[in-house]
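Visitor: Below is a structure I'd like to ask you about.
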Amino acid sequence: MNADSSAARVSFKLPVGGGFLNASATLPGGHTTLTQLLPVIQNLENAIVARVGEEAEQAGSPISCRAGCGACCRQMVPVSFFEADALAHWFEALPENRRAELERRFHSALLALREAGVIENLVSDGWTADEESATRLAIDYFHAGVACPFLENESCSIHPIRPLSCREYLVTSPPDLCSDPSVNQVAGVQLPIKLSRVLFAFGQRLAQDRPGWVPVIFLMAWREGGRNPGDYVSGTGEEVLLQFLKQVTEIYPNTNENSQPVEMPAGH
């Protein structure tokens with residue numbers, strides 16, 4: 001990374017698969033937390049997804065995800081503690097009537113999941129014990145057919161600030177197959193790196209928690225419970241970004257910096 005000490009604009013390399021991404025970003029000024037760095041991380045994720053989308057198009061298998069197709073919005077969506085923190089602050093800034101509407105939707109969704117027998121298992125620690133249990137719960141959750149409270153007219157109402165895990169879920173198969181991924185052969189897109197995993201790793205250490213994230217359906221309860229990652233990862237904007245990039249390389253160590261870089265600005 002290189003930057004003038006008085007400037008907020010920095011350039012850096014992000015490990016991506018067997019190469020790296022040349023990126024630039026405008027960092028928050030003053031004391032910065034990982035939550036405050038999320039817009040930069042979201043832009044990085046968008047850049048990675050855009051590049052993968054271009055490659056899929058060139059290979060003759062374009063990504064089929066479109067606004068109006070909300071099948072994936074009935075899955076259990078993992079949200080890092082830092083994203084939950086940001087969404088909680090966003091929620092508090094909404095007009096009172098909008099907050100009340102969303103609270104009603106979350107409450108209704110939780111009741112529906114309870115009736116489907118999903119909530120009891122979701123609040124248990126047992127489902128994280130092994131991959132089979134986690135997969136079974138994910139399938140049961142999807143089959144309950146409960147839409148994300150942020151879904152409106154089969155489109156995401158918080159699309160610009162949606163969780164990283166939502167950005168990372170992409171398919172190239174026909175949309176109708178997404179009606180039940182547990183039965184149909186859905187062709188998912190493999191990203192070279194998933195930045196959600198990086199945030200989950202921070203969350204695991206922060207809370208000594210196996211998954212390191214919270215299901216989005218529990219967002220209101222998480223907010224009311226006062227859980228706040230606060231200054232867990234903090235410093236100057238550049239210091240926080242360095243910590244994040246270090247975690248990226250720890251999770252995805254196979255980076256060959258002699259590979260051809262992908263020029264992909266990720267500023268905001």
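Labeling convention for the structure tokens: chains A, B, ... as they appear, residues from 1 per chain, ligands from 1 in order of appearance.
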Would you kindly return, as number ranges by chain, each protein, DNA or RNA residue with an atom no farther than 12 Å from any atom of stretch 243-247 of chain A, considering only C-alpha atoms and excluding same-chain residues fewer than 6 positions away?

Guide: A: 1, 12-16, 20-21, 23, 32-35, 37-38, 40-41, 44, 193-203, 205, 232-237, 253

Visitor: Which of stretch 5-208 of chain A counts as strand (DSSP E or B) under DSSP, as a PDB file with N, CA and C atoms, in the first residue's frame please?

Guide:
ATOM      1  N   ARG A   9      -6.822   9.086  -0.027  1.00  0.00           N
ATOM      2  CA  ARG A   9      -6.859   8.171  -1.179  1.00  0.00           C
ATOM      3  C   ARG A   9      -5.643   7.264  -1.143  1.00  0.00           C
ATOM      4  N   VAL A  10      -5.861   5.953  -1.236  1.00  0.00           N
ATOM      5  CA  VAL A  10      -4.751   5.006  -1.218  1.00  0.00           C
ATOM      6  C   VAL A  10      -4.869   4.036  -2.384  1.00  0.00           C
ATOM      7  N   SER A  11      -3.750   3.470  -2.780  1.00  0.00           N
ATOM      8  CA  SER A  11      -3.706   2.408  -3.779  1.00  0.00           C
ATOM      9  C   SER A  11      -3.112   1.177  -3.128  1.00  0.00           C
ATOM     10  N   PHE A  12      -3.621   0.016  -3.495  1.00  0.00           N
ATOM     11  CA  PHE A  12      -3.138  -1.225  -2.874  1.00  0.00           C
ATOM     12  C   PHE A  12      -3.453  -2.410  -3.771  1.00  0.00           C
ATOM     13  N   LYS A  13      -2.921  -3.563  -3.402  1.00  0.00           N
ATOM     14  CA  LYS A  13      -3.155  -4.795  -4.150  1.00  0.00           C
ATOM     15  C   LYS A  13      -3.981  -5.752  -3.287  1.00  0.00           C
ATOM     16  N   LEU A  14      -5.006  -6.309  -3.890  1.00  0.00           N
ATOM     17  CA  LEU A  14      -5.845  -7.279  -3.206  1.00  0.00           C
ATOM     18  C   LEU A  14      -5.598  -8.647  -3.826  1.00  0.00           C
ATOM     19  N   PRO A  15      -5.162  -9.638  -3.040  1.00  0.00           N
ATOM     20  CA  PRO A  15      -4.949 -10.978  -3.591  1.00  0.00           C
ATOM     21  C   PRO A  15      -6.250 -11.545  -4.146  1.00  0.00           C
ATOM     22  N   VAL A  16      -6.223 -12.004  -5.383  1.00  0.00           N
ATOM     23  CA  VAL A  16      -7.397 -12.608  -6.008  1.00  0.00           C
ATOM     24  C   VAL A  16      -6.957 -13.855  -6.740  1.00  0.00           C
ATOM     25  N   GLY A  19      -3.564 -14.318  -8.679  1.00  0.00           N
ATOM     26  CA  GLY A  19      -2.993 -13.025  -9.029  1.00  0.00           C
ATOM     27  C   GLY A  19      -3.386 -11.976  -8.018  1.00  0.00           C
ATOM     28  N   PHE A  20      -3.547 -10.762  -8.484  1.00  0.00           N
ATOM     29  CA  PHE A  20      -3.940  -9.706  -7.576  1.00  0.00           C
ATOM     30  C   PHE A  20      -4.720  -8.647  -8.327  1.00  0.00           C
ATOM     31  N   LEU A  21      -5.436  -7.855  -7.587  1.00  0.00           N
ATOM     32  CA  LEU A  21      -6.265  -6.794  -8.134  1.00  0.00           C
ATOM     33  C   LEU A  21      -5.664  -5.461  -7.732  1.00  0.00           C
ATOM     34  N   ASN A  22      -5.386  -4.622  -8.706  1.00  0.00           N
ATOM     35  CA  ASN A  22      -4.925  -3.272  -8.426  1.00  0.00           C
ATOM     36  C   ASN A  22      -6.138  -2.421  -8.072  1.00  0.00           C
ATOM     37  N   ALA A  23      -6.172  -1.900  -6.870  1.00  0.00           N
ATOM     38  CA  ALA A  23      -7.338  -1.155  -6.413  1.00  0.00           C
ATOM     39  C   ALA A  23      -6.941   0.169  -5.799  1.00  0.00           C
ATOM     40  N   SER A  24      -7.911   1.048  -5.716  1.00  0.00           N
ATOM     41  CA  SER A  24      -7.717   2.319  -5.020  1.00  0.00           C
ATOM     42  C   SER A  24      -8.995   2.627  -4.269  1.00  0.00           C
ATOM     43  N   ALA A  25      -8.862   3.361  -3.179  1.00  0.00           N
ATOM     44  CA  ALA A  25     -10.031   3.670  -2.369  1.00  0.00           C
ATOM     45  C   ALA A  25      -9.811   4.944  -1.581  1.00  0.00           C
ATOM     46  N   THR A  26     -10.889   5.615  -1.273  1.00  0.00           N
ATOM     47  CA  THR A  26     -10.861   6.766  -0.382  1.00  0.00           C
ATOM     48  C   THR A  26     -11.265   6.278   0.999  1.00  0.00           C
ATOM     49  N   THR A  32     -10.974   5.023  12.718  1.00  0.00           N
ATOM     50  CA  THR A  32     -11.841   4.231  11.849  1.00  0.00           C
ATOM     51  C   THR A  32     -12.007   2.826  12.408  1.00  0.00           C
ATOM     52  N   THR A  33     -13.229   2.299  12.288  1.00  0.00           N
ATOM     53  CA  THR A  33     -13.491   0.920  12.673  1.00  0.00           C
ATOM     54  C   THR A  33     -13.721   0.089  11.420  1.00  0.00           C
ATOM     55  N   PRO A  78     -26.199 -15.275   5.882  1.00  0.00           N
ATOM     56  CA  PRO A  78     -25.249 -14.940   6.948  1.00  0.00           C
ATOM     57  C   PRO A  78     -24.765 -13.503   6.829  1.00  0.00           C
ATOM     58  N   VAL A  79     -24.790 -12.788   7.944  1.00  0.00           N
ATOM     59  CA  VAL A  79     -24.351 -11.397   7.970  1.00  0.00           C
ATOM     60  C   VAL A  79     -23.285 -11.249   9.044  1.00  0.00           C
ATOM     61  N   SER A  80     -22.135 -10.709   8.695  1.00  0.00           N
ATOM     62  CA  SER A  80     -21.073 -10.514   9.674  1.00  0.00           C
ATOM     63  C   SER A  80     -21.525  -9.545  10.753  1.00  0.00           C
ATOM     64  N   LEU A 151     -36.916  -7.964   1.271  1.00  0.00           N
ATOM     65  CA  LEU A 151     -37.354  -8.261  -0.096  1.00  0.00           C
ATOM     66  C   LEU A 151     -38.678  -7.558  -0.373  1.00  0.00           C
ATOM     67  N   GLU A 152     -38.728  -6.777  -1.451  1.00  0.00           N
ATOM     68  CA  GLU A 152     -39.940  -6.077  -1.858  1.00  0.00           C
ATOM     69  C   GLU A 152     -40.128  -6.258  -3.356  1.00  0.00           C
ATOM     70  N   SER A 155     -37.435  -7.982  -5.237  1.00  0.00           N
ATOM     71  CA  SER A 155     -36.154  -7.299  -5.404  1.00  0.00           C
ATOM     72  C   SER A 155     -35.667  -6.818  -4.042  1.00  0.00           C
ATOM     73  N   CYS A 156     -34.358  -6.682  -3.906  1.00  0.00           N
ATOM     74  CA  CYS A 156     -33.763  -6.264  -2.642  1.00  0.00           C
ATOM     75  C   CYS A 156     -33.963  -4.768  -2.427  1.00  0.00           C
ATOM     76  N   VAL A 171     -25.532 -17.297  -9.982  1.00  0.00           N
ATOM     77  CA  VAL A 171     -25.722 -18.526 -10.744  1.00  0.00           C
ATOM     78  C   VAL A 171     -25.734 -18.212 -12.230  1.00  0.00           C
ATOM     79  N   GLY A 188     -23.798 -22.718  -9.707  1.00  0.00           N
ATOM     80  CA  GLY A 188     -23.303 -21.575  -8.970  1.00  0.00           C
ATOM     81  C   GLY A 188     -21.980 -21.074  -9.513  1.00  0.00           C
TER      82      GLY A 188
END

Visitor: Between atom CA of A:Gln185 and atom CA of A:Arg114, what is the distance in Å, rounded to a tenth?

Guide: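 A separation of 28.6 Å between them.
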
Visitor: Sorted by chain and rising residue number, list the residues of stretch 45-118 of chain A at most 10 Å from stretch 122-136 of chain A (counting only C-alpha atoms), each with its closest atom pair and distance in Å to one decimal, as JSON lines.

Guide:
{"residue": "A:Met76", "atom": "CA", "partner": "A:Leu122", "partner_atom": "CA", "distance": 9.9}
{"residue": "A:Leu113", "atom": "CA", "partner": "A:Leu122", "partner_atom": "CA", "distance": 9.5}
{"residue": "A:Arg114", "atom": "CA", "partner": "A:Leu122", "partner_atom": "CA", "distance": 9.7}
{"residue": "A:Gly117", "atom": "CA", "partner": "A:Leu122", "partner_atom": "CA", "distance": 9.3}
{"residue": "A:Val118", "atom": "CA", "partner": "A:Leu122", "partner_atom": "CA", "distance": 6.1}

Visitor: Could you tell me which of A:Ile161, A:Gly53, A:Ala116, A:His31 comes closest to A:Trp90 if we count only C-alpha atoms?

Guide: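 Of A:Ile161, A:Gly53, A:Ala116, A:His31, the one nearest A:Trp90, counting only C-alpha atoms, is A:Ile161.
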
Visitor: Mind giving me the straight-line distance from atom CA of A:Arg167 to atom CA of A:Phe91 in Å, one decimal?

Guide: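 So the two atoms, atom CA of A:Arg167 and atom CA of A:Phe91, lie 20.1 Å apart.
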
Visitor: What is the atom CA of A:Ile48-atom CA of A:Leu170 distance in Å, reported with one decimal?

Guide: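 Distance between the two atoms: 12.2 Å.
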
Visitor: Check the smallest atom-to-atom distance from each of A:Ala93, A:Cys72, A:Val248, A:Leu219 to A:Asp176 using only C-alpha atoms, then report the winner.

Guide: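 Closest residue, counting only C-alpha atoms: A:Cys72.
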
Visitor: If we count only C-alpha atoms, what is near A:His107 at a cut-off of 12 Å, once residues fewer than 3 positions away on the same chain are taken out, given as number ranges by chain?

Guide: A: 100-104, 110-114, 146, 148-149, 217-221

Visitor: May I have the residues from that selection written out with N, CA and C atoms, as a short mmCIF file (atom, residue, chain, number, x, y, z; two decimals), in the first residue's frame?

Guide:
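The result, written out as out34.cif:
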data_model
loop_
_atom_site.label_atom_id
_atom_site.label_comp_id
_atom_site.auth_asym_id
_atom_site.auth_seq_id
_atom_site.Cartn_x
_atom_site.Cartn_y
_atom_site.Cartn_z
N ALA A 100 -41.09 0.89 11.63
CA ALA A 100 -42.19 0.07 12.13
C ALA A 100 -42.57 -1.01 11.12
N GLU A 101 -42.56 -0.65 9.84
CA GLU A 101 -42.91 -1.63 8.80
C GLU A 101 -41.89 -2.77 8.76
N LEU A 102 -40.61 -2.42 8.83
CA LEU A 102 -39.58 -3.45 8.80
C LEU A 102 -39.64 -4.31 10.06
N GLU A 103 -39.88 -3.72 11.20
CA GLU A 103 -40.00 -4.50 12.43
C GLU A 103 -41.15 -5.49 12.32
N ARG A 104 -42.25 -5.05 11.71
CA ARG A 104 -43.39 -5.95 11.52
C ARG A 104 -43.01 -7.12 10.61
N LEU A 110 -40.14 -14.29 11.60
CA LEU A 110 -39.73 -15.14 12.72
C LEU A 110 -40.86 -16.07 13.15
N LEU A 111 -42.09 -15.56 13.16
CA LEU A 111 -43.23 -16.41 13.52
C LEU A 111 -43.41 -17.53 12.49
N ALA A 112 -43.25 -17.18 11.20
CA ALA A 112 -43.40 -18.19 10.15
C ALA A 112 -42.32 -19.26 10.26
N LEU A 113 -41.10 -18.85 10.57
CA LEU A 113 -40.01 -19.82 10.72
C LEU A 113 -40.23 -20.70 11.96
N ARG A 114 -40.82 -20.12 12.99
CA ARG A 114 -41.12 -20.91 14.18
C ARG A 114 -42.18 -21.96 13.87
N VAL A 146 -39.79 -18.57 3.64
CA VAL A 146 -39.92 -17.27 4.29
C VAL A 146 -38.96 -16.27 3.65
N CYS A 148 -36.78 -12.88 2.92
CA CYS A 148 -36.03 -11.89 3.68
C CYS A 148 -36.92 -10.66 3.87
N PRO A 149 -36.96 -10.11 5.08
CA PRO A 149 -37.81 -8.92 5.31
C PRO A 149 -37.45 -7.72 4.44
N ILE A 217 -32.14 -12.80 9.59
CA ILE A 217 -33.47 -12.82 10.19
C ILE A 217 -33.42 -12.44 11.66
N PHE A 218 -32.24 -12.56 12.29
CA PHE A 218 -32.09 -12.20 13.71
C PHE A 218 -31.57 -10.77 13.90
N LEU A 219 -31.56 -10.00 12.82
CA LEU A 219 -30.96 -8.66 12.88
C LEU A 219 -31.59 -7.79 13.96
N MET A 220 -32.93 -7.80 14.07
CA MET A 220 -33.59 -6.95 15.05
C MET A 220 -33.25 -7.38 16.48
N ALA A 221 -33.24 -8.67 16.71
CA ALA A 221 -32.88 -9.18 18.03
C ALA A 221 -31.43 -8.87 18.35
#

Visitor: Rank A:Val214, A:Ala47, A:Val52, A:Ala138 by their smallest atom-to-atom distance to A:Arg74, using only C-alpha atoms, and report the top residue only.

Guide: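 Using only C-alpha atoms, the shortest distance to A:Arg74 belongs to A:Ala138.
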
Visitor: Considering only C-alpha atoms, state which residue in the set A:Ile158, A:Cys69, A:Ala88, A:Val49 is at the smallest distance from A:Glu224.

Guide: A:Ala88
